[in-house]
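Colleague: What follows is data-v1.txt; its format and atoms are compact mmCIF, N, CA and C atoms.
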# COMPACT_ATOMS: atom_id res chain seq x y z
N MET A 186 65.10 -115.06 121.05
CA MET A 186 66.42 -115.42 121.50
C MET A 186 66.54 -116.94 121.54
N LEU A 187 67.58 -117.44 120.98
CA LEU A 187 67.91 -118.86 121.05
C LEU A 187 69.34 -118.95 121.57
N PHE A 188 69.51 -119.58 122.72
CA PHE A 188 70.83 -119.73 123.32
C PHE A 188 71.54 -118.39 123.43
N CYS A 189 70.93 -117.45 124.12
CA CYS A 189 71.55 -116.15 124.34
C CYS A 189 71.84 -115.97 125.81
N LEU A 190 72.88 -115.23 126.11
CA LEU A 190 73.36 -115.07 127.47
C LEU A 190 73.56 -113.59 127.76
N GLY A 191 73.09 -113.14 128.93
CA GLY A 191 73.27 -111.75 129.34
C GLY A 191 74.71 -111.47 129.72
N THR A 192 74.93 -110.29 130.29
CA THR A 192 76.27 -109.84 130.63
C THR A 192 76.97 -110.80 131.59
N ASP A 193 76.27 -111.23 132.60
CA ASP A 193 76.82 -112.14 133.59
C ASP A 193 75.86 -113.31 133.71
N LYS A 194 76.29 -114.36 134.31
CA LYS A 194 75.49 -115.58 134.36
C LYS A 194 74.04 -115.35 134.81
N TYR A 195 73.85 -114.54 135.84
CA TYR A 195 72.50 -114.34 136.37
C TYR A 195 72.01 -112.90 136.18
N VAL A 196 72.64 -112.14 135.31
CA VAL A 196 72.26 -110.75 135.08
C VAL A 196 71.34 -110.66 133.88
N SER A 197 70.24 -109.96 134.05
CA SER A 197 69.25 -109.83 132.98
C SER A 197 69.50 -108.55 132.18
N SER A 198 70.67 -108.42 131.63
CA SER A 198 71.00 -107.27 130.81
C SER A 198 72.20 -107.63 129.94
N GLY A 199 72.50 -106.76 129.01
CA GLY A 199 73.72 -106.94 128.22
C GLY A 199 73.49 -107.55 126.85
N GLU A 200 74.56 -108.03 126.28
CA GLU A 200 74.63 -108.48 124.89
C GLU A 200 73.52 -109.43 124.47
N GLY A 201 73.26 -110.44 125.25
CA GLY A 201 72.31 -111.46 124.80
C GLY A 201 70.93 -111.37 125.40
N TYR A 202 70.67 -110.36 126.22
CA TYR A 202 69.42 -110.35 126.97
C TYR A 202 68.29 -109.65 126.24
N GLN A 203 67.16 -110.34 126.09
CA GLN A 203 65.90 -109.81 125.59
C GLN A 203 66.03 -108.99 124.30
N LYS A 204 66.68 -109.55 123.35
CA LYS A 204 66.77 -108.93 122.03
C LYS A 204 66.21 -109.92 121.02
N SER A 205 65.32 -109.45 120.19
CA SER A 205 64.67 -110.34 119.23
C SER A 205 65.63 -110.81 118.15
N TYR A 206 65.34 -111.98 117.64
CA TYR A 206 66.04 -112.56 116.50
C TYR A 206 67.55 -112.60 116.68
N ARG A 207 67.93 -113.31 117.72
CA ARG A 207 69.34 -113.53 118.01
C ARG A 207 69.55 -115.01 118.28
N VAL A 208 70.67 -115.52 117.82
CA VAL A 208 71.05 -116.91 118.04
C VAL A 208 72.49 -116.89 118.55
N PHE A 209 72.73 -117.46 119.72
CA PHE A 209 74.05 -117.43 120.35
C PHE A 209 74.62 -116.01 120.35
N ASN A 210 73.78 -115.05 120.77
CA ASN A 210 74.15 -113.64 120.90
C ASN A 210 74.50 -112.96 119.58
N LYS A 211 74.10 -113.54 118.47
CA LYS A 211 74.36 -112.92 117.16
C LYS A 211 73.03 -112.50 116.54
N ASP A 212 72.99 -111.28 116.00
CA ASP A 212 71.79 -110.80 115.32
C ASP A 212 71.57 -111.58 114.02
N VAL A 213 70.31 -111.97 113.79
CA VAL A 213 69.94 -112.63 112.54
C VAL A 213 68.61 -112.05 112.07
N GLU A 214 68.33 -112.24 110.81
CA GLU A 214 67.04 -111.82 110.27
C GLU A 214 65.95 -112.74 110.82
N LYS A 215 64.72 -112.24 110.82
CA LYS A 215 63.60 -113.01 111.35
C LYS A 215 63.47 -114.36 110.65
N SER A 216 63.60 -114.38 109.33
CA SER A 216 63.46 -115.64 108.58
C SER A 216 64.55 -116.63 108.97
N GLU A 217 65.76 -116.14 109.19
CA GLU A 217 66.87 -117.01 109.59
C GLU A 217 66.63 -117.54 111.01
N TRP A 218 66.15 -116.67 111.90
CA TRP A 218 65.85 -117.08 113.26
C TRP A 218 64.81 -118.20 113.27
N GLU A 219 63.76 -118.03 112.45
CA GLU A 219 62.70 -119.04 112.38
C GLU A 219 63.24 -120.36 111.83
N LYS A 220 64.13 -120.26 110.86
CA LYS A 220 64.75 -121.47 110.28
C LYS A 220 65.58 -122.21 111.34
N VAL A 221 66.40 -121.47 112.08
CA VAL A 221 67.23 -122.09 113.11
C VAL A 221 66.34 -122.65 114.22
N LYS A 222 65.33 -121.90 114.63
CA LYS A 222 64.43 -122.35 115.70
C LYS A 222 63.74 -123.66 115.32
N SER A 223 63.29 -123.74 114.08
CA SER A 223 62.58 -124.96 113.65
C SER A 223 63.51 -126.16 113.54
N SER A 224 64.82 -125.92 113.43
CA SER A 224 65.78 -127.02 113.33
C SER A 224 66.25 -127.52 114.70
N MET A 225 65.95 -126.76 115.74
CA MET A 225 66.41 -127.13 117.08
C MET A 225 65.58 -128.27 117.65
N PRO A 226 66.23 -129.14 118.44
CA PRO A 226 65.49 -130.23 119.08
C PRO A 226 64.63 -129.70 120.22
N LYS A 227 63.67 -130.49 120.62
CA LYS A 227 62.88 -130.16 121.80
C LYS A 227 63.75 -130.51 123.00
N ILE A 228 63.95 -129.54 123.86
CA ILE A 228 64.81 -129.76 125.02
C ILE A 228 63.95 -129.75 126.27
N GLU A 229 63.89 -130.89 126.93
CA GLU A 229 63.17 -131.01 128.19
C GLU A 229 64.20 -131.42 129.24
N LEU A 230 64.58 -130.46 130.07
CA LEU A 230 65.60 -130.73 131.07
C LEU A 230 65.02 -131.57 132.20
N PRO A 231 65.70 -132.66 132.54
CA PRO A 231 65.24 -133.48 133.67
C PRO A 231 65.53 -132.74 134.98
N LEU A 232 64.56 -132.67 135.85
CA LEU A 232 64.74 -131.97 137.12
C LEU A 232 65.14 -132.91 138.25
N THR A 233 64.87 -134.19 138.06
CA THR A 233 65.20 -135.18 139.09
C THR A 233 65.78 -136.43 138.42
N HIS A 234 66.41 -137.25 139.24
CA HIS A 234 66.98 -138.51 138.75
C HIS A 234 66.89 -139.54 139.88
N TRP A 235 66.33 -140.71 139.60
CA TRP A 235 66.21 -141.76 140.60
C TRP A 235 67.56 -142.42 140.80
N ILE A 236 67.99 -142.50 142.05
CA ILE A 236 69.24 -143.15 142.41
C ILE A 236 68.91 -144.43 143.18
N GLU A 237 69.31 -145.56 142.64
CA GLU A 237 69.10 -146.85 143.30
C GLU A 237 69.93 -146.90 144.59
N GLU A 238 69.40 -147.58 145.58
CA GLU A 238 70.08 -147.69 146.87
C GLU A 238 71.51 -148.19 146.72
N LYS A 239 71.73 -149.16 145.84
CA LYS A 239 73.07 -149.72 145.66
C LYS A 239 74.06 -148.71 145.09
N ASN A 240 73.55 -147.63 144.47
CA ASN A 240 74.42 -146.62 143.88
C ASN A 240 74.54 -145.36 144.74
N MET A 241 73.93 -145.38 145.92
CA MET A 241 73.96 -144.21 146.80
C MET A 241 75.26 -144.15 147.59
N THR A 242 75.72 -142.92 147.80
CA THR A 242 76.90 -142.72 148.64
C THR A 242 76.47 -142.77 150.10
N GLY A 243 77.43 -142.85 151.00
CA GLY A 243 77.14 -142.84 152.43
C GLY A 243 76.40 -141.57 152.84
N ASP A 244 76.84 -140.43 152.32
CA ASP A 244 76.17 -139.16 152.64
C ASP A 244 74.74 -139.14 152.13
N GLU A 245 74.52 -139.69 150.95
CA GLU A 245 73.16 -139.73 150.40
C GLU A 245 72.26 -140.62 151.27
N LYS A 246 72.80 -141.71 151.77
CA LYS A 246 72.02 -142.60 152.64
C LYS A 246 71.68 -141.92 153.96
N LYS A 247 72.63 -141.15 154.51
CA LYS A 247 72.37 -140.41 155.75
C LYS A 247 71.31 -139.34 155.53
N SER A 248 71.37 -138.67 154.40
CA SER A 248 70.43 -137.57 154.10
C SER A 248 69.05 -138.07 153.70
N ASN A 249 68.95 -139.32 153.32
CA ASN A 249 67.69 -139.90 152.85
C ASN A 249 67.43 -141.21 153.59
N PRO A 250 67.08 -141.14 154.87
CA PRO A 250 66.95 -142.37 155.66
C PRO A 250 65.86 -143.32 155.18
N ILE A 251 64.92 -142.86 154.41
CA ILE A 251 63.84 -143.73 153.92
C ILE A 251 64.30 -144.58 152.73
N HIS A 252 65.53 -144.39 152.27
CA HIS A 252 66.03 -145.11 151.08
C HIS A 252 65.88 -146.61 151.20
N GLY A 253 66.04 -147.16 152.41
CA GLY A 253 65.94 -148.60 152.61
C GLY A 253 64.54 -149.14 152.34
N GLU A 254 63.55 -148.33 152.63
CA GLU A 254 62.17 -148.77 152.43
C GLU A 254 61.72 -148.66 150.98
N ILE A 255 62.27 -147.67 150.28
CA ILE A 255 61.82 -147.43 148.90
C ILE A 255 62.84 -147.82 147.84
N GLY A 256 64.03 -148.24 148.29
CA GLY A 256 65.03 -148.75 147.36
C GLY A 256 65.92 -147.71 146.72
N GLY A 257 65.92 -146.50 147.27
CA GLY A 257 66.75 -145.43 146.72
C GLY A 257 66.16 -144.08 147.09
N TYR A 258 66.47 -143.07 146.26
CA TYR A 258 65.89 -141.76 146.49
C TYR A 258 65.84 -140.97 145.19
N LEU A 259 65.03 -139.94 145.20
CA LEU A 259 64.88 -139.08 144.03
C LEU A 259 65.79 -137.87 144.20
N LYS A 260 66.85 -137.83 143.42
CA LYS A 260 67.83 -136.75 143.51
C LYS A 260 67.35 -135.56 142.69
N VAL A 261 67.35 -134.39 143.29
CA VAL A 261 66.99 -133.16 142.59
C VAL A 261 68.25 -132.65 141.91
N LEU A 262 68.18 -132.46 140.61
CA LEU A 262 69.35 -132.02 139.85
C LEU A 262 69.45 -130.50 139.85
N PRO A 263 70.65 -129.97 140.01
CA PRO A 263 70.82 -128.53 139.85
C PRO A 263 70.67 -128.17 138.37
N TYR A 264 70.52 -126.90 138.08
CA TYR A 264 70.31 -126.44 136.70
C TYR A 264 71.36 -127.02 135.74
N GLU A 265 72.64 -126.82 136.05
CA GLU A 265 73.68 -127.32 135.16
C GLU A 265 73.71 -128.84 135.11
N GLY A 266 73.36 -129.49 136.21
CA GLY A 266 73.26 -130.95 136.22
C GLY A 266 72.16 -131.44 135.30
N SER A 267 71.07 -130.67 135.24
CA SER A 267 69.98 -131.00 134.32
C SER A 267 70.43 -130.90 132.88
N TRP A 268 71.16 -129.85 132.56
CA TRP A 268 71.69 -129.70 131.20
C TRP A 268 72.64 -130.85 130.86
N LYS A 269 73.51 -131.21 131.80
CA LYS A 269 74.46 -132.30 131.53
C LYS A 269 73.71 -133.61 131.30
N ALA A 270 72.68 -133.87 132.12
CA ALA A 270 71.90 -135.10 131.95
C ALA A 270 71.21 -135.10 130.58
N TRP A 271 70.67 -133.95 130.17
CA TRP A 271 70.02 -133.89 128.86
C TRP A 271 71.05 -134.13 127.76
N TRP A 272 72.18 -133.43 127.83
CA TRP A 272 73.21 -133.53 126.79
C TRP A 272 73.75 -134.95 126.69
N ASP A 273 74.02 -135.56 127.84
CA ASP A 273 74.57 -136.93 127.84
C ASP A 273 73.59 -137.94 127.24
N GLY A 274 72.30 -137.67 127.38
CA GLY A 274 71.30 -138.60 126.85
C GLY A 274 70.73 -138.22 125.50
N ALA A 275 71.15 -137.06 124.98
CA ALA A 275 70.59 -136.57 123.72
C ALA A 275 71.09 -137.39 122.53
N ALA A 276 70.24 -137.53 121.54
CA ALA A 276 70.61 -138.20 120.30
C ALA A 276 71.64 -137.35 119.56
N GLU A 277 72.52 -138.00 118.84
CA GLU A 277 73.55 -137.27 118.10
C GLU A 277 72.94 -136.25 117.14
N LYS A 278 71.80 -136.58 116.53
CA LYS A 278 71.16 -135.64 115.61
C LYS A 278 70.71 -134.37 116.32
N ASP A 279 70.29 -134.49 117.59
CA ASP A 279 69.88 -133.33 118.37
C ASP A 279 71.09 -132.47 118.74
N LYS A 280 72.17 -133.11 119.14
CA LYS A 280 73.40 -132.37 119.44
C LYS A 280 73.91 -131.68 118.18
N ASP A 281 73.89 -132.40 117.05
CA ASP A 281 74.36 -131.82 115.79
C ASP A 281 73.53 -130.62 115.38
N ALA A 282 72.23 -130.64 115.64
CA ALA A 282 71.37 -129.50 115.28
C ALA A 282 71.83 -128.25 116.00
N ILE A 283 72.24 -128.39 117.24
CA ILE A 283 72.72 -127.24 118.01
C ILE A 283 74.12 -126.83 117.54
N LEU A 284 75.02 -127.80 117.45
CA LEU A 284 76.41 -127.51 117.10
C LEU A 284 76.57 -126.98 115.67
N ASN A 285 75.70 -127.42 114.77
CA ASN A 285 75.84 -127.06 113.35
C ASN A 285 74.81 -126.05 112.87
N CYS A 286 74.22 -125.30 113.79
CA CYS A 286 73.19 -124.34 113.39
C CYS A 286 73.76 -123.15 112.62
N GLY A 287 75.07 -123.01 112.61
CA GLY A 287 75.71 -121.91 111.89
C GLY A 287 76.10 -120.75 112.79
N TYR A 288 75.64 -120.75 114.03
CA TYR A 288 75.90 -119.64 114.94
C TYR A 288 76.47 -120.11 116.28
N PHE A 289 76.72 -121.41 116.39
CA PHE A 289 77.14 -121.98 117.67
C PHE A 289 78.35 -121.25 118.23
N ASP A 290 78.29 -120.97 119.52
CA ASP A 290 79.38 -120.31 120.23
C ASP A 290 79.61 -121.09 121.53
N GLN A 291 80.75 -121.75 121.64
CA GLN A 291 81.05 -122.59 122.80
C GLN A 291 80.99 -121.80 124.10
N LYS A 292 81.50 -120.58 124.10
CA LYS A 292 81.53 -119.78 125.33
C LYS A 292 80.11 -119.46 125.80
N VAL A 293 79.23 -119.08 124.90
CA VAL A 293 77.84 -118.78 125.24
C VAL A 293 77.14 -120.06 125.71
N PHE A 294 77.34 -121.16 124.99
CA PHE A 294 76.72 -122.43 125.35
C PHE A 294 77.17 -122.87 126.74
N GLU A 295 78.45 -122.76 127.01
CA GLU A 295 78.96 -123.12 128.33
C GLU A 295 78.38 -122.21 129.42
N GLY A 296 78.26 -120.93 129.12
CA GLY A 296 77.69 -120.00 130.09
C GLY A 296 76.25 -120.33 130.44
N ILE A 297 75.51 -120.85 129.49
CA ILE A 297 74.11 -121.22 129.71
C ILE A 297 73.99 -122.58 130.38
N THR A 298 74.75 -123.55 129.89
CA THR A 298 74.56 -124.95 130.31
C THR A 298 75.59 -125.47 131.30
N GLY A 299 76.76 -124.84 131.35
CA GLY A 299 77.84 -125.35 132.18
C GLY A 299 78.63 -126.46 131.51
N ILE A 300 78.25 -126.83 130.29
CA ILE A 300 78.92 -127.91 129.57
C ILE A 300 80.15 -127.34 128.88
N LYS A 301 81.33 -127.84 129.28
CA LYS A 301 82.59 -127.27 128.82
C LYS A 301 83.04 -127.76 127.45
N ASP A 302 82.96 -129.04 127.22
CA ASP A 302 83.53 -129.58 125.98
C ASP A 302 82.49 -130.40 125.23
N VAL A 303 81.75 -129.75 124.35
CA VAL A 303 80.70 -130.44 123.61
C VAL A 303 81.26 -131.36 122.54
N TYR A 304 82.53 -131.20 122.22
CA TYR A 304 83.14 -132.02 121.18
C TYR A 304 83.87 -133.23 121.76
N ALA A 305 83.75 -133.43 123.08
CA ALA A 305 84.41 -134.58 123.70
C ALA A 305 83.82 -135.87 123.14
N ALA A 306 84.67 -136.84 123.00
CA ALA A 306 84.21 -138.13 122.49
C ALA A 306 83.22 -138.74 123.48
N PRO A 307 82.14 -139.32 122.98
CA PRO A 307 81.18 -139.95 123.90
C PRO A 307 81.85 -141.11 124.63
N THR A 308 81.41 -141.34 125.84
CA THR A 308 82.00 -142.41 126.63
C THR A 308 81.04 -143.60 126.71
N LEU A 309 81.60 -144.76 126.82
CA LEU A 309 80.79 -145.97 127.00
C LEU A 309 80.72 -146.36 128.46
N LYS A 310 81.38 -145.60 129.34
CA LYS A 310 81.40 -145.94 130.76
C LYS A 310 79.98 -146.05 131.29
N GLY A 311 79.71 -147.18 131.92
CA GLY A 311 78.39 -147.42 132.50
C GLY A 311 77.36 -147.93 131.51
N LYS A 312 77.72 -148.04 130.24
CA LYS A 312 76.78 -148.50 129.20
C LYS A 312 76.84 -150.02 129.06
N LYS A 313 75.67 -150.59 128.76
CA LYS A 313 75.58 -152.01 128.50
C LYS A 313 75.86 -152.23 127.01
N VAL A 314 76.79 -153.11 126.71
CA VAL A 314 77.14 -153.40 125.32
C VAL A 314 76.94 -154.89 125.04
N SER A 315 76.66 -155.20 123.80
CA SER A 315 76.50 -156.58 123.36
C SER A 315 77.47 -156.84 122.22
N VAL A 316 78.01 -158.03 122.21
CA VAL A 316 78.92 -158.41 121.14
C VAL A 316 78.68 -159.89 120.85
N GLU A 317 78.85 -160.23 119.59
CA GLU A 317 78.74 -161.64 119.21
C GLU A 317 80.09 -162.08 118.69
N LEU A 318 80.59 -163.17 119.24
CA LEU A 318 81.90 -163.69 118.87
C LEU A 318 81.77 -165.18 118.62
N ASP A 319 82.07 -165.59 117.41
CA ASP A 319 81.96 -166.99 117.03
C ASP A 319 80.58 -167.58 117.33
N GLY A 320 79.56 -166.79 117.06
CA GLY A 320 78.19 -167.26 117.22
C GLY A 320 77.66 -167.21 118.64
N VAL A 321 78.46 -166.77 119.59
CA VAL A 321 78.04 -166.68 120.99
C VAL A 321 77.86 -165.20 121.34
N LYS A 322 76.70 -164.87 121.93
CA LYS A 322 76.41 -163.48 122.31
C LYS A 322 76.86 -163.22 123.75
N TYR A 323 77.51 -162.07 123.93
CA TYR A 323 77.97 -161.65 125.25
C TYR A 323 77.43 -160.26 125.53
N GLU A 324 77.15 -160.01 126.81
CA GLU A 324 76.75 -158.67 127.23
C GLU A 324 77.65 -158.27 128.40
N ALA A 325 77.97 -156.99 128.44
CA ALA A 325 78.81 -156.49 129.52
C ALA A 325 78.47 -155.03 129.77
N ILE A 326 78.78 -154.59 130.97
CA ILE A 326 78.66 -153.17 131.30
C ILE A 326 80.08 -152.63 131.40
N ILE A 327 80.34 -151.58 130.66
CA ILE A 327 81.68 -151.00 130.61
C ILE A 327 81.94 -150.23 131.90
N ILE A 328 83.08 -150.49 132.53
CA ILE A 328 83.42 -149.78 133.76
C ILE A 328 84.57 -148.82 133.52
Please lay out the structure from this file as C-alpha cells.

Modeller:
Amino acid sequence: MLFCLGTDKYVSSGEGYQKSYRVFNKDVEKSEWEKVKSSMPKIELPLTHWIEEKNMTGDEKKSNPIHGEIGGYLKVLPYEGSWKAWWDGAAEKDKDAILNCGYFDQKVFEGITGIKDVYAAPTLKGKKVSVELDGVKYEAIII
C-alpha cells in the first residue's frame, strides 16, 4: 500500500486498508507498484520543532517555564502538523514525485496528511531572500 486510506480516518478496514499493490486506493500490478514505490521520496516526518523564545506565544511561555533558561522549547508536532512541516520543507522534485505518480488522489492524500491544497503556490513568508541591485547586495526576510 502506498498512500492508502481505510474507510474512516482511524478505521483499519475498507477500501484502502491492508490490500497489496495499491496506490492511492487504486489496484495496480506488482510491477507498477514497485515502479511507483521506487519513484517516491523518502519521507521522514518531523516529530518535534524547536521554537525560539522570541517566537513563543504567551501561552507557550506559561506552559514551558524553563524557556528562559534554554532559550525556547521543543514543540511536539501532531501527526498532521508533522505532515505539513514535511510538505512545506520538501523539495519540489519530491512533491512532484507524489503528485505525478499517475494515481494521485487529493481526497485520499488529504485524509492521510491533512494537507488540503497541494497545488497552492509556495509562499515566501518568513523566508530570507537576497537580491542584487546595481551591484549592491541586499538581504531581507519576507513578512

Colleague: Which polymer residues, whether protein, DNA or RNA, lie within 10 Å of the coordinate (75.4, -151.0, 125.1) when you count only C-alpha atoms? List them as number ranges by chain, using the chain letters and numbers from the file.

Modeller: A: 309-316, 324-327

Colleague: Can you spit out the residues from that selection as a short mmCIF file (atom, residue, chain, number, x, y, z; two decimals), keeping the file's coordinate frame, using N, CA and C atoms?

Modeller:
data_model
loop_
_atom_site.label_atom_id
_atom_site.label_comp_id
_atom_site.auth_asym_id
_atom_site.auth_seq_id
_atom_site.Cartn_x
_atom_site.Cartn_y
_atom_site.Cartn_z
N LEU A 309 81.60 -144.76 126.82
CA LEU A 309 80.79 -145.97 127.00
C LEU A 309 80.72 -146.36 128.46
N LYS A 310 81.38 -145.60 129.34
CA LYS A 310 81.40 -145.94 130.76
C LYS A 310 79.98 -146.05 131.29
N GLY A 311 79.71 -147.18 131.92
CA GLY A 311 78.39 -147.42 132.50
C GLY A 311 77.36 -147.93 131.51
N LYS A 312 77.72 -148.04 130.24
CA LYS A 312 76.78 -148.50 129.20
C LYS A 312 76.84 -150.02 129.06
N LYS A 313 75.67 -150.59 128.76
CA LYS A 313 75.58 -152.01 128.50
C LYS A 313 75.86 -152.23 127.01
N VAL A 314 76.79 -153.11 126.71
CA VAL A 314 77.14 -153.40 125.32
C VAL A 314 76.94 -154.89 125.04
N SER A 315 76.66 -155.20 123.80
CA SER A 315 76.50 -156.58 123.36
C SER A 315 77.47 -156.84 122.22
N VAL A 316 78.01 -158.03 122.21
CA VAL A 316 78.92 -158.41 121.14
C VAL A 316 78.68 -159.89 120.85
N GLU A 324 77.15 -160.01 126.81
CA GLU A 324 76.75 -158.67 127.23
C GLU A 324 77.65 -158.27 128.40
N ALA A 325 77.97 -156.99 128.44
CA ALA A 325 78.81 -156.49 129.52
C ALA A 325 78.47 -155.03 129.77
N ILE A 326 78.78 -154.59 130.97
CA ILE A 326 78.66 -153.17 131.30
C ILE A 326 80.08 -152.63 131.40
N ILE A 327 80.34 -151.58 130.66
CA ILE A 327 81.68 -151.00 130.61
C ILE A 327 81.94 -150.23 131.90
#

Colleague: What's around Lys260 (chain A) at 6.5 Å? Count all atoms listed in the file, leave out sequence neighbours fewer than 4 positions away in its own chain, and write the answer as a PyMOL selection string.

Modeller: chain A and resi 232-236

Colleague: May I ask which of the residues A:Val261, A:Glu245, A:Pro226, A:Leu318 is the closest one to Lys280 (chain A), counting only N, CA and C atoms?

Modeller: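 Among the listed residues, the smallest separation from Lys280 (chain A) belongs to A:Pro226.
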
Colleague: Go through A:Ala282, A:Ala305, A:Lys322, A:Arg207 and flag the residue nearest Met225 (chain A), using all atoms listed in the file for the distances.

Modeller: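 For Met225 (chain A), the nearest of the candidates is A:Ala282.
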
Colleague: Go through A:Ser248, A:Leu284, A:Leu230, A:Glu219 one by one, measure the shortest atom-to-atom distance of each to Trp272 (chain A) using all atoms listed in the file, and give the residue with the smallest value.

Modeller: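 Among the listed residues, the smallest separation from Trp272 (chain A) belongs to A:Leu230.
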
Colleague: Fewer than 2 positions away in the same chain doesn't count, so skip those; otherwise give me all residues within 12 Å of Cys286 (chain A), counting only C-alpha atoms, as a list in words.

Modeller: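 Using only C-alpha atoms, the neighbours found are Leu187, Phe188, Val208, Phe209, Glu217, Trp218, Glu219, Lys220, Val221, Lys222, Ser223, Ser224, Met225, Pro226, Lys278, Asp279, Lys280, Asp281, Ala282, Ile283, Leu284, Tyr288, Phe289 and Asp290 of chain A.
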
Colleague: Using the selection just defined, write its residues with N, CA and C atoms as a PDB file, in the frame of the given file.

Modeller:
ATOM      1  N   LEU A 187      67.580-117.440 120.980  1.00  0.00           N
ATOM      2  CA  LEU A 187      67.910-118.860 121.050  1.00  0.00           C
ATOM      3  C   LEU A 187      69.340-118.950 121.570  1.00  0.00           C
ATOM      4  N   PHE A 188      69.510-119.580 122.720  1.00  0.00           N
ATOM      5  CA  PHE A 188      70.830-119.730 123.320  1.00  0.00           C
ATOM      6  C   PHE A 188      71.540-118.390 123.430  1.00  0.00           C
ATOM      7  N   VAL A 208      70.670-115.520 117.820  1.00  0.00           N
ATOM      8  CA  VAL A 208      71.050-116.910 118.040  1.00  0.00           C
ATOM      9  C   VAL A 208      72.490-116.890 118.550  1.00  0.00           C
ATOM     10  N   PHE A 209      72.730-117.460 119.720  1.00  0.00           N
ATOM     11  CA  PHE A 209      74.050-117.430 120.350  1.00  0.00           C
ATOM     12  C   PHE A 209      74.620-116.010 120.350  1.00  0.00           C
ATOM     13  N   GLU A 217      65.760-116.140 109.190  1.00  0.00           N
ATOM     14  CA  GLU A 217      66.870-117.010 109.590  1.00  0.00           C
ATOM     15  C   GLU A 217      66.630-117.540 111.010  1.00  0.00           C
ATOM     16  N   TRP A 218      66.150-116.670 111.900  1.00  0.00           N
ATOM     17  CA  TRP A 218      65.850-117.080 113.260  1.00  0.00           C
ATOM     18  C   TRP A 218      64.810-118.200 113.270  1.00  0.00           C
ATOM     19  N   GLU A 219      63.760-118.030 112.450  1.00  0.00           N
ATOM     20  CA  GLU A 219      62.700-119.040 112.380  1.00  0.00           C
ATOM     21  C   GLU A 219      63.240-120.360 111.830  1.00  0.00           C
ATOM     22  N   LYS A 220      64.130-120.260 110.860  1.00  0.00           N
ATOM     23  CA  LYS A 220      64.750-121.470 110.280  1.00  0.00           C
ATOM     24  C   LYS A 220      65.580-122.210 111.340  1.00  0.00           C
ATOM     25  N   VAL A 221      66.400-121.470 112.080  1.00  0.00           N
ATOM     26  CA  VAL A 221      67.230-122.090 113.110  1.00  0.00           C
ATOM     27  C   VAL A 221      66.340-122.650 114.220  1.00  0.00           C
ATOM     28  N   LYS A 222      65.330-121.900 114.630  1.00  0.00           N
ATOM     29  CA  LYS A 222      64.430-122.350 115.700  1.00  0.00           C
ATOM     30  C   LYS A 222      63.740-123.660 115.320  1.00  0.00           C
ATOM     31  N   SER A 223      63.290-123.740 114.080  1.00  0.00           N
ATOM     32  CA  SER A 223      62.580-124.960 113.650  1.00  0.00           C
ATOM     33  C   SER A 223      63.510-126.160 113.540  1.00  0.00           C
ATOM     34  N   SER A 224      64.820-125.920 113.430  1.00  0.00           N
ATOM     35  CA  SER A 224      65.780-127.020 113.330  1.00  0.00           C
ATOM     36  C   SER A 224      66.250-127.520 114.700  1.00  0.00           C
ATOM     37  N   MET A 225      65.950-126.760 115.740  1.00  0.00           N
ATOM     38  CA  MET A 225      66.410-127.130 117.080  1.00  0.00           C
ATOM     39  C   MET A 225      65.580-128.270 117.650  1.00  0.00           C
ATOM     40  N   PRO A 226      66.230-129.140 118.440  1.00  0.00           N
ATOM     41  CA  PRO A 226      65.490-130.230 119.080  1.00  0.00           C
ATOM     42  C   PRO A 226      64.630-129.700 120.220  1.00  0.00           C
ATOM     43  N   LYS A 278      71.800-136.580 116.530  1.00  0.00           N
ATOM     44  CA  LYS A 278      71.160-135.640 115.610  1.00  0.00           C
ATOM     45  C   LYS A 278      70.710-134.370 116.320  1.00  0.00           C
ATOM     46  N   ASP A 279      70.290-134.490 117.590  1.00  0.00           N
ATOM     47  CA  ASP A 279      69.880-133.330 118.370  1.00  0.00           C
ATOM     48  C   ASP A 279      71.090-132.470 118.740  1.00  0.00           C
ATOM     49  N   LYS A 280      72.170-133.110 119.140  1.00  0.00           N
ATOM     50  CA  LYS A 280      73.400-132.370 119.440  1.00  0.00           C
ATOM     51  C   LYS A 280      73.910-131.680 118.180  1.00  0.00           C
ATOM     52  N   ASP A 281      73.890-132.400 117.050  1.00  0.00           N
ATOM     53  CA  ASP A 281      74.360-131.820 115.790  1.00  0.00           C
ATOM     54  C   ASP A 281      73.530-130.620 115.380  1.00  0.00           C
ATOM     55  N   ALA A 282      72.230-130.640 115.640  1.00  0.00           N
ATOM     56  CA  ALA A 282      71.370-129.500 115.280  1.00  0.00           C
ATOM     57  C   ALA A 282      71.830-128.250 116.000  1.00  0.00           C
ATOM     58  N   ILE A 283      72.240-128.390 117.240  1.00  0.00           N
ATOM     59  CA  ILE A 283      72.720-127.240 118.010  1.00  0.00           C
ATOM     60  C   ILE A 283      74.120-126.830 117.540  1.00  0.00           C
ATOM     61  N   LEU A 284      75.020-127.800 117.450  1.00  0.00           N
ATOM     62  CA  LEU A 284      76.410-127.510 117.100  1.00  0.00           C
ATOM     63  C   LEU A 284      76.570-126.980 115.670  1.00  0.00           C
ATOM     64  N   TYR A 288      75.640-120.750 114.030  1.00  0.00           N
ATOM     65  CA  TYR A 288      75.900-119.640 114.940  1.00  0.00           C
ATOM     66  C   TYR A 288      76.470-120.110 116.280  1.00  0.00           C
ATOM     67  N   PHE A 289      76.720-121.410 116.390  1.00  0.00           N
ATOM     68  CA  PHE A 289      77.140-121.980 117.670  1.00  0.00           C
ATOM     69  C   PHE A 289      78.350-121.250 118.230  1.00  0.00           C
ATOM     70  N   ASP A 290      78.290-120.970 119.520  1.00  0.00           N
ATOM     71  CA  ASP A 290      79.380-120.310 120.230  1.00  0.00           C
ATOM     72  C   ASP A 290      79.610-121.090 121.530  1.00  0.00           C
TER      73      ASP A 290
END

Colleague: When DSSP is applied to the backbone of this structure, which of chain A are assigned strand (DSSP E)? Write them out as a list of chain:residue names.

Modeller: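 Answer for chain A, restricted to strand (DSSP E): A:Arg207, A:Val208, A:Lys211, A:Asp212, A:Thr233, A:His234, A:Trp235, A:Ile236, A:Glu237, A:Gly257, A:Tyr258, A:Leu259, A:Lys260, A:Val261, A:Lys313, A:Val314, A:Ser315, A:Val316, A:Glu317, A:Leu318, A:Val321, A:Lys322, A:Tyr323, A:Glu324, A:Ala325, A:Ile326.
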
Colleague: What is the distance, in Å and to one decimal place, between CA of Glu237 (chain A) and CA of Gly256 (chain A)?

Modeller: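 About the pair CA of Glu237 (chain A) and CA of Gly256 (chain A): they are 6.1 Å apart.
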